[in-house]
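Have a look at upload09.cif below; it lists mmCIF, C-alpha atoms.
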```cif
data_protein
loop_
_atom_site.group_PDB
_atom_site.id
_atom_site.type_symbol
_atom_site.label_atom_id
_atom_site.label_comp_id
_atom_site.auth_asym_id
_atom_site.auth_seq_id
_atom_site.Cartn_x
_atom_site.Cartn_y
_atom_site.Cartn_z
ATOM 1 C CA MET A 3 -33.336 19.623 -4.527
ATOM 2 C CA ARG A 4 -34.649 20.572 -1.092
ATOM 3 C CA ILE A 5 -34.250 24.311 -1.671
ATOM 4 C CA ALA A 6 -36.276 24.071 -4.845
ATOM 5 C CA ARG A 7 -38.845 21.882 -3.094
ATOM 6 C CA TRP A 8 -39.179 24.300 -0.185
ATOM 7 C CA LEU A 9 -39.424 27.333 -2.485
ATOM 8 C CA GLY A 10 -41.966 25.511 -4.593
ATOM 9 C CA VAL A 11 -44.276 24.996 -1.625
ATOM 10 C CA HIS A 12 -43.478 27.953 0.605
ATOM 11 C CA GLY A 13 -41.430 30.168 -1.714
ATOM 12 C CA ALA A 14 -42.681 33.659 -0.932
ATOM 13 C CA THR A 15 -42.929 33.084 2.817
ATOM 14 C CA TRP A 16 -39.460 31.566 3.159
ATOM 15 C CA VAL A 17 -37.688 34.298 1.170
ATOM 16 C CA ALA A 18 -39.550 37.016 3.022
ATOM 17 C CA VAL A 19 -38.663 35.554 6.410
ATOM 18 C CA ALA A 20 -35.009 35.202 5.411
ATOM 19 C CA VAL A 21 -34.720 38.775 4.166
ATOM 20 C CA LEU A 22 -36.560 40.084 7.203
ATOM 21 C CA GLY A 23 -34.247 38.075 9.462
ATOM 22 C CA LEU A 24 -31.197 39.622 7.825
ATOM 23 C CA ALA A 25 -32.526 43.093 8.548
ATOM 24 C CA LEU A 26 -33.378 42.520 12.222
ATOM 25 C CA GLY A 27 -31.171 44.134 14.797
ATOM 26 C CA VAL A 28 -29.821 46.784 12.403
ATOM 27 C CA ALA A 29 -29.735 50.174 14.130
ATOM 28 C CA SER A 30 -26.554 52.063 13.182
ATOM 29 C CA PRO A 31 -25.674 53.262 9.646
ATOM 30 C CA ALA A 32 -22.780 50.808 9.591
ATOM 31 C CA GLY A 33 -25.152 48.030 10.626
ATOM 32 C CA ALA A 34 -27.607 49.055 7.916
ATOM 33 C CA GLN A 35 -24.844 48.858 5.284
ATOM 34 C CA ALA A 36 -23.832 45.405 6.542
ATOM 35 C CA GLY A 37 -27.464 44.288 6.342
ATOM 36 C CA ASP A 38 -27.725 45.548 2.760
ATOM 37 C CA ASP A 39 -24.517 43.724 1.787
ATOM 38 C CA ALA A 40 -25.679 40.479 3.376
ATOM 39 C CA ARG A 41 -29.047 40.741 1.661
ATOM 40 C CA ALA A 42 -27.358 41.343 -1.720
ATOM 41 C CA HIS A 43 -25.204 38.213 -1.255
ATOM 42 C CA TYR A 44 -28.264 36.210 -0.250
ATOM 43 C CA GLU A 45 -30.322 37.289 -3.270
ATOM 44 C CA ARG A 46 -27.435 36.565 -5.660
ATOM 45 C CA GLY A 47 -27.083 33.159 -4.031
ATOM 46 C CA ILE A 48 -30.742 32.347 -4.771
ATOM 47 C CA GLU A 49 -30.342 33.465 -8.398
ATOM 48 C CA LEU A 50 -27.157 31.437 -8.884
ATOM 49 C CA PHE A 51 -28.732 28.351 -7.345
ATOM 50 C CA ASP A 52 -31.687 28.620 -9.732
ATOM 51 C CA GLU A 53 -29.152 28.798 -12.596
ATOM 52 C CA ALA A 54 -27.387 25.641 -11.244
ATOM 53 C CA HIS A 55 -24.169 27.566 -10.476
ATOM 54 C CA PHE A 56 -23.826 25.814 -7.152
ATOM 55 C CA GLU A 57 -20.232 26.699 -6.286
ATOM 56 C CA ALA A 58 -20.931 30.378 -6.892
ATOM 57 C CA ALA A 59 -24.198 30.201 -4.929
ATOM 58 C CA LEU A 60 -22.335 28.599 -2.031
ATOM 59 C CA ALA A 61 -19.801 31.460 -2.028
ATOM 60 C CA GLU A 62 -22.614 34.038 -1.882
ATOM 61 C CA PHE A 63 -24.437 32.340 1.003
ATOM 62 C CA GLU A 64 -21.192 31.941 2.951
ATOM 63 C CA ALA A 65 -20.382 35.626 2.374
ATOM 64 C CA ALA A 66 -23.849 36.589 3.646
ATOM 65 C CA TYR A 67 -23.428 34.402 6.742
ATOM 66 C CA ALA A 68 -19.992 35.934 7.468
ATOM 67 C CA ILE A 69 -21.647 39.385 7.573
ATOM 68 C CA THR A 70 -24.876 38.418 9.348
ATOM 69 C CA PRO A 71 -24.780 34.885 10.824
ATOM 70 C CA ARG A 72 -28.493 34.004 10.522
ATOM 71 C CA PRO A 73 -29.352 30.290 10.903
ATOM 72 C CA VAL A 74 -31.476 30.246 7.740
ATOM 73 C CA LEU A 75 -28.293 30.753 5.708
ATOM 74 C CA LEU A 76 -26.815 27.587 7.200
ATOM 75 C CA PHE A 77 -29.824 25.669 5.861
ATOM 76 C CA ASN A 78 -29.066 26.959 2.369
ATOM 77 C CA ILE A 79 -25.344 26.246 2.729
ATOM 78 C CA GLY A 80 -26.078 22.690 3.835
ATOM 79 C CA GLN A 81 -28.383 22.106 0.858
ATOM 80 C CA ILE A 82 -25.787 23.288 -1.653
ATOM 81 C CA HIS A 83 -23.019 21.192 -0.091
ATOM 82 C CA ALA A 84 -25.342 18.199 -0.397
ATOM 83 C CA ARG A 85 -25.929 18.966 -4.077
ATOM 84 C CA LEU A 86 -22.152 19.154 -4.628
ATOM 85 C CA GLY A 87 -21.577 15.792 -2.934
ATOM 86 C CA HIS A 88 -19.901 17.292 0.152
ATOM 87 C CA ALA A 89 -21.630 15.117 2.728
ATOM 88 C CA VAL A 90 -19.336 16.096 5.618
ATOM 89 C CA GLU A 91 -19.780 19.837 5.045
ATOM 90 C CA ALA A 92 -23.516 19.441 4.423
ATOM 91 C CA ALA A 93 -24.041 17.547 7.682
ATOM 92 C CA ASP A 94 -21.975 20.099 9.603
ATOM 93 C CA ALA A 95 -23.995 23.034 8.236
ATOM 94 C CA LEU A 96 -27.349 21.328 8.943
ATOM 95 C CA GLU A 97 -26.310 20.401 12.491
ATOM 96 C CA ARG A 98 -25.346 24.021 13.135
ATOM 97 C CA TYR A 99 -28.627 25.190 11.602
ATOM 98 C CA LEU A 100 -30.709 23.023 13.943
ATOM 99 C CA ARG A 101 -28.585 24.018 16.935
ATOM 100 C CA GLU A 102 -28.538 27.763 16.258
ATOM 101 C CA ALA A 103 -32.135 28.021 15.092
ATOM 102 C CA GLY A 104 -33.423 26.277 18.228
ATOM 103 C CA ASP A 105 -37.149 26.787 18.673
ATOM 104 C CA GLY A 106 -37.266 29.561 16.118
ATOM 105 C CA ILE A 107 -38.213 27.278 13.205
ATOM 106 C CA THR A 108 -41.435 25.500 12.324
ATOM 107 C CA PRO A 109 -41.844 21.770 12.969
ATOM 108 C CA GLU A 110 -42.105 21.219 9.221
ATOM 109 C CA ARG A 111 -38.796 22.911 8.479
ATOM 110 C CA ARG A 112 -37.105 21.122 11.381
ATOM 111 C CA ALA A 113 -38.348 17.778 10.075
ATOM 112 C CA LEU A 114 -37.050 18.655 6.598
ATOM 113 C CA ALA A 115 -33.611 19.595 7.979
ATOM 114 C CA GLU A 116 -33.425 16.473 10.150
ATOM 115 C CA GLU A 117 -34.352 14.268 7.188
ATOM 116 C CA GLU A 118 -31.612 15.831 5.052
ATOM 117 C CA LEU A 119 -29.105 15.579 7.897
ATOM 118 C CA ALA A 120 -29.795 11.845 8.303
ATOM 119 C CA GLY A 121 -29.349 11.308 4.566
ATOM 120 C CA GLN A 122 -26.023 13.157 4.488
ATOM 121 C CA THR A 123 -24.723 11.442 7.626
ATOM 122 C CA ALA A 124 -25.291 8.081 5.933
ATOM 123 C CA ARG A 125 -22.915 9.237 3.167
ATOM 124 C CA ILE A 126 -19.975 9.818 5.483
ATOM 125 C CA GLY A 127 -17.102 7.403 6.181
ATOM 126 C CA HIS A 128 -14.067 7.727 8.432
ATOM 127 C CA VAL A 129 -10.345 7.293 7.786
ATOM 128 C CA GLU A 130 -7.880 6.688 10.594
ATOM 129 C CA VAL A 131 -4.284 7.425 9.596
ATOM 130 C CA VAL A 132 -1.673 5.790 11.844
ATOM 131 C CA VAL A 133 1.837 7.227 11.408
ATOM 132 C CA PRO A 134 4.806 6.114 13.548
ATOM 133 C CA VAL A 135 6.609 9.443 13.005
ATOM 134 C CA ALA A 136 5.493 12.215 15.355
ATOM 135 C CA ASP A 137 4.459 15.534 13.790
ATOM 136 C CA ALA A 138 4.110 14.046 10.285
ATOM 137 C CA LEU A 139 1.677 16.174 8.284
ATOM 138 C CA ILE A 140 -1.454 14.340 7.119
ATOM 139 C CA SER A 141 -3.413 15.683 4.144
ATOM 140 C CA ILE A 142 -6.543 14.323 2.506
ATOM 141 C CA ASP A 143 -7.582 15.649 -0.897
ATOM 142 C CA GLU A 144 -4.895 18.358 -0.691
ATOM 143 C CA ARG A 145 -6.344 19.652 2.590
ATOM 144 C CA SER A 146 -4.277 19.494 5.762
ATOM 145 C CA ARG A 147 -5.939 17.426 8.495
ATOM 146 C CA GLY A 148 -3.267 17.987 11.166
ATOM 147 C CA HIS A 149 -0.071 16.410 12.441
ATOM 148 C CA ALA A 150 0.378 12.863 13.707
ATOM 149 C CA PRO A 151 -0.915 11.494 15.903
ATOM 150 C CA LEU A 152 -4.474 12.580 15.062
ATOM 151 C CA THR A 153 -6.888 12.528 17.973
ATOM 152 C CA ALA A 154 -9.712 10.947 15.971
ATOM 153 C CA PRO A 155 -10.504 9.410 12.570
ATOM 154 C CA VAL A 156 -11.098 11.941 9.792
ATOM 155 C CA PRO A 157 -14.668 12.102 8.405
ATOM 156 C CA VAL A 158 -14.831 12.038 4.588
ATOM 157 C CA SER A 159 -17.647 11.961 2.057
ATOM 158 C CA VAL A 160 -18.280 8.757 0.128
ATOM 159 C CA GLY A 161 -16.084 8.344 -2.940
ATOM 160 C CA GLU A 162 -12.401 8.457 -3.815
ATOM 161 C CA HIS A 163 -9.850 10.268 -1.661
ATOM 162 C CA ARG A 164 -6.081 10.750 -1.812
ATOM 163 C CA VAL A 165 -4.155 10.592 1.454
ATOM 164 C CA VAL A 166 -0.661 12.130 1.589
ATOM 165 C CA VAL A 167 1.731 11.989 4.561
ATOM 166 C CA THR A 168 4.924 14.050 4.685
ATOM 167 C CA ALA A 169 7.629 14.402 7.327
ATOM 168 C CA GLU A 170 11.029 16.040 7.399
ATOM 169 C CA GLY A 171 13.758 13.574 6.521
ATOM 170 C CA TYR A 172 11.352 11.054 4.972
ATOM 171 C CA LEU A 173 10.071 10.352 1.472
ATOM 172 C CA PRO A 174 6.424 11.411 0.889
ATOM 173 C CA TRP A 175 3.837 8.641 1.286
ATOM 174 C CA SER A 176 0.502 8.586 -0.539
ATOM 175 C CA GLU A 177 -2.422 6.278 -1.202
ATOM 176 C CA THR A 178 -5.745 6.627 -3.000
ATOM 177 C CA LEU A 179 -8.744 4.863 -1.531
ATOM 178 C CA ARG A 180 -12.518 4.643 -1.966
ATOM 179 C CA ILE A 181 -14.774 5.031 1.053
ATOM 180 C CA ALA A 182 -18.390 3.911 1.331
ATOM 181 C CA GLY A 183 -21.018 5.401 3.629
ATOM 182 C CA GLY A 184 -20.525 4.312 7.225
ATOM 183 C CA GLU A 185 -17.195 2.628 6.449
ATOM 184 C CA ARG A 186 -14.218 2.991 8.789
ATOM 185 C CA ARG A 187 -10.791 2.484 7.247
ATOM 186 C CA THR A 188 -7.427 2.374 9.014
ATOM 187 C CA LEU A 189 -4.260 3.235 7.067
ATOM 188 C CA ALA A 190 -0.963 2.096 8.588
ATOM 189 C CA VAL A 191 1.700 4.362 7.114
ATOM 190 C CA GLU A 192 5.347 3.294 6.821
ATOM 191 C CA LEU A 193 7.632 6.198 6.003
ATOM 192 C CA VAL A 194 11.030 5.616 4.369
ATOM 193 C CA ARG A 195 13.958 7.817 5.282
ATOM 194 C CA ALA A 196 15.302 9.959 2.471
ATOM 195 C CA SER A 197 19.001 9.715 1.529
ATOM 196 C CA THR A 198 21.031 12.731 2.696
ATOM 197 C CA ASP A 199 24.043 12.055 0.412
ATOM 198 C CA PRO A 200 23.322 13.346 -3.121
ATOM 199 C CA THR A 201 26.437 11.628 -4.545
ATOM 200 C CA VAL A 202 25.273 8.143 -3.556
ATOM 201 C CA VAL A 203 22.519 6.444 -5.472
ATOM 202 C CA GLN A 204 21.016 3.377 -3.818
ATOM 203 C CA THR A 205 20.080 0.811 -6.407
ATOM 204 C CA SER A 206 18.702 -2.701 -6.329
ATOM 205 C CA PHE A 207 19.951 -5.774 -8.149
ATOM 206 C CA PRO A 208 18.126 -5.184 -11.488
ATOM 207 C CA THR A 209 20.100 -1.929 -11.857
ATOM 208 C CA LEU A 210 23.339 -3.797 -11.128
ATOM 209 C CA THR A 211 22.457 -6.286 -13.844
ATOM 210 C CA VAL A 212 21.796 -3.509 -16.367
ATOM 211 C CA LEU A 213 25.010 -1.721 -15.369
ATOM 212 C CA GLY A 214 27.067 -4.908 -15.818
ATOM 213 C CA ALA A 215 25.499 -5.605 -19.206
ATOM 214 C CA THR A 216 26.163 -2.037 -20.373
ATOM 215 C CA VAL A 217 29.790 -2.077 -19.250
ATOM 216 C CA ALA A 218 30.348 -5.489 -20.803
ATOM 217 C CA ALA A 219 28.781 -4.362 -24.085
ATOM 218 C CA ALA A 220 30.958 -1.222 -24.209
ATOM 219 C CA GLY A 221 34.080 -3.298 -23.538
ATOM 220 C CA LEU A 222 33.093 -5.835 -26.168
ATOM 221 C CA VAL A 223 32.618 -3.125 -28.808
ATOM 222 C CA THR A 224 36.001 -1.616 -27.895
ATOM 223 C CA PHE A 225 37.710 -4.993 -27.953
ATOM 224 C CA ALA A 226 36.172 -5.990 -31.277
ATOM 225 C CA THR A 227 36.864 -2.651 -32.990
ATOM 226 C CA PHE A 228 40.452 -2.092 -31.914
ATOM 227 C CA GLY A 229 41.289 -5.793 -31.969
ATOM 228 C CA THR A 230 40.228 -5.979 -35.599
ATOM 229 C CA TRP A 231 42.167 -2.798 -36.366
ATOM 230 C CA THR A 232 45.280 -4.242 -34.698
ATOM 231 C CA LEU A 233 45.061 -7.443 -36.726
ATOM 232 C CA VAL A 234 44.615 -5.541 -39.993
ATOM 233 C CA GLU A 235 47.535 -3.176 -39.266
ATOM 234 C CA ASP A 236 49.756 -6.080 -38.235
ATOM 235 C CA SER A 237 48.930 -7.910 -41.450
ATOM 236 C CA ASN A 238 49.677 -4.792 -43.502
ATOM 237 C CA LEU A 239 53.012 -4.256 -41.786
ATOM 238 C CA ARG A 240 54.030 -7.862 -42.280
ATOM 239 C CA SER A 241 53.362 -7.581 -46.003
ATOM 240 C CA SER A 242 54.939 -4.126 -46.489
ATOM 241 C CA CYS A 243 57.882 -3.614 -44.131
ATOM 242 C CA HIS A 244 58.492 -6.762 -42.103
ATOM 243 C CA PRO A 245 60.972 -7.385 -40.558
ATOM 244 C CA ILE A 246 62.173 -3.712 -40.580
ATOM 245 C CA CYS A 247 59.390 -1.148 -39.926
ATOM 246 C CA SER A 248 59.485 2.498 -38.896
ATOM 247 C CA SER A 249 58.827 3.526 -35.285
ATOM 248 C CA GLU A 250 55.647 5.344 -36.353
ATOM 249 C CA GLN A 251 54.250 2.170 -37.862
ATOM 250 C CA THR A 252 55.129 0.018 -34.848
ATOM 251 C CA ASN A 253 53.730 2.651 -32.438
ATOM 252 C CA THR A 254 50.370 2.424 -34.158
ATOM 253 C CA ILE A 255 50.326 -1.313 -33.577
ATOM 254 C CA ALA A 256 51.294 -0.805 -29.917
ATOM 255 C CA ILE A 257 48.547 1.761 -29.265
ATOM 256 C CA THR A 258 45.761 -0.248 -30.876
ATOM 257 C CA GLY A 259 46.968 -3.342 -29.045
ATOM 258 C CA ALA A 260 46.852 -1.499 -25.704
ATOM 259 C CA VAL A 261 43.324 -0.251 -26.383
ATOM 260 C CA THR A 262 42.333 -3.786 -27.283
ATOM 261 C CA ASP A 263 43.662 -4.997 -23.933
ATOM 262 C CA VAL A 264 41.669 -2.279 -22.155
ATOM 263 C CA GLY A 265 38.521 -3.382 -23.974
ATOM 264 C CA ALA A 266 39.136 -6.942 -22.835
ATOM 265 C CA GLY A 267 39.490 -5.738 -19.239
ATOM 266 C CA VAL A 268 36.228 -3.749 -19.459
ATOM 267 C CA VAL A 269 34.473 -6.838 -20.793
ATOM 268 C CA LEU A 270 35.760 -8.765 -17.803
ATOM 269 C CA VAL A 271 34.555 -6.145 -15.283
ATOM 270 C CA GLY A 272 31.150 -5.896 -16.940
ATOM 271 C CA GLY A 273 30.852 -9.660 -17.005
ATOM 272 C CA VAL A 274 31.529 -9.865 -13.257
ATOM 273 C CA LEU A 275 28.891 -7.196 -12.500
ATOM 274 C CA LEU A 276 26.414 -8.904 -14.809
ATOM 275 C CA ALA A 277 27.019 -12.296 -13.196
ATOM 276 C CA ILE A 278 26.505 -10.884 -9.697
ATOM 277 C CA GLY A 279 23.323 -9.097 -10.727
ATOM 278 C CA LEU A 280 21.903 -12.186 -12.392
ATOM 279 C CA ALA A 281 22.820 -14.346 -9.399
ATOM 280 C CA ILE A 282 20.975 -12.029 -7.017
ATOM 281 C CA GLU A 283 18.021 -11.668 -9.379
ATOM 282 C CA THR A 284 17.556 -15.403 -9.771
ATOM 283 C CA GLY A 285 17.886 -15.970 -6.033
ATOM 284 C CA THR A 286 21.147 -17.959 -6.150
ATOM 285 C CA ALA A 287 22.881 -15.271 -4.070
ATOM 286 C CA GLU A 288 21.629 -13.169 -1.189
ATOM 287 C CA PRO A 289 22.385 -9.438 -1.380
ATOM 288 C CA ALA A 290 24.018 -8.273 1.848
ATOM 289 C CA SER A 291 22.814 -4.761 1.044
ATOM 290 C CA ALA A 292 21.679 -2.651 -1.865
ATOM 291 C CA ALA A 293 24.341 -1.762 -4.405
ATOM 292 C CA SER A 294 25.705 1.782 -4.217
ATOM 293 C CA VAL A 295 27.211 3.847 -7.016
ATOM 294 C CA HIS A 296 29.658 6.486 -5.704
ATOM 295 C CA VAL A 297 30.679 9.404 -7.898
ATOM 296 C CA THR A 298 34.410 10.081 -7.395
ATOM 297 C CA ALA A 299 37.084 12.085 -9.158
ATOM 298 C CA GLU A 300 38.339 8.906 -10.807
ATOM 299 C CA GLY A 301 34.887 7.866 -12.073
ATOM 300 C CA LEU A 302 32.214 5.503 -10.748
ATOM 301 C CA GLU A 303 32.934 3.242 -7.807
ATOM 302 C CA VAL A 304 30.451 0.390 -7.344
ATOM 303 C CA THR A 305 30.134 -1.270 -3.931
ATOM 304 C CA TRP A 306 27.623 -3.696 -2.477
#
```

For the file at hand, write its structure as structure tokens.
Amino acid sequence: MRIARWLGVHGATWVAVAVLGLALGVASPAGAQAGDDARAHYERGIELFDEAHFEAALAEFEAAYAITPRPVLLFNIGQIHARLGHAVEAADALERYLREAGDGITPERRALAEEELAGQTARIGHVEVVVPVADALISIDERSRGHAPLTAPVPVSVGEHRVVVTAEGYLPWSETLRIAGGERRTLAVELVRASTDPTVVQTSFPTLTVLGATVAAAGLVTFATFGTWTLVEDSNLRSSCHPICSSEQTNTIAITGAVTDVGAGVVLVGGVLLAIGLAIETGTAEPASAASVHVTAEGLEVTW
């Protein structure tokens, strides 16, 4: 990596200049303490980088820069972001390093920073997210990028990214995409309004088909079971007490017969629902709208 390369060639000089730079301008006791803290973060950052703990090294360098914003720390931060594959953050840190350092760096170090900046810039793509709903929140890789409409495309490092758009009253929208270096991608987002009635479930024709088949099957089982029972009981009564039977015996026949009739009716209803669903599914009928299942006190009411 560039840090290792620079330390390998100019190691002692670079570290000495960095530490000296952190101590410059310290006059008060509070300033001296801040300088000591920044230096401690910087030295831990170098150690962690040498041990390949790049995330931890990045945290130490950023902590040092927050205390004492010396440009040399931005160079280190940019190098670690590059190692971690964060091309956007690496380019930003290197641009700030060149801008803030100005003429205070050697031509060799400037050339090294400019070379790394060009390499990282080539690994950046841009995503433009177009959302028709004002104030929709746009997030990329779980990081908020602002509310629609965005003023400019969002820069992202090469690789895979997940875009999520949320808005009040709409279902969340998401898409995962891969971006190459220099690529510009436009995402046209279409948000779908969320239902505000929890007792109404919008369903499409395959669900209607399944519902009809289920109802028809339940009715058929009821019809077959109680119809068979009715026939058996009727046969038994005819052989044992016909033509004079007790009221209890005849009531049993009446009840099972009524249940059998109900089963036949359920089969009929399920068959109608099944036929409609199959007709829509096969394209022989056009659905005027999606089927709706309403939960009422009397049970389920299906409309379409």

- Message: Applying 8 Å and only C-alpha atoms, which residues near A:Glu185 remain after dropping the ones on its own chain fewer than 5 positions away? List them as a list in words.
- Response: Ile126, Gly127 and His128 of chain A

- Using all atoms listed in the file, determine which residues lie at most 12 Å from A:Glu130, disregarding the query and same-chain residues fewer than 5 positions distant; provide the list as a ChimeraX atom specification. /A:140-142,147,150-158,165,181,185-191

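Straight-line separation from atom CA of A:Arg46 to atom CA of A:Glu118: 23.7 Å.
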
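Closest to A:Ala120 among A:Ala136, A:Phe63, A:Val90, A:Arg145 is A:Val90, based on only C-alpha atoms.
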
- Message: With the PyMOL selection byres ((chain A and resi 60) around 12) as the selection, what would be picked from this file? Answer as an MDAnalysis selection string, please.
- Response: chainID A and resid 43:51 54:59 61:67 75:86 88 91:92 95
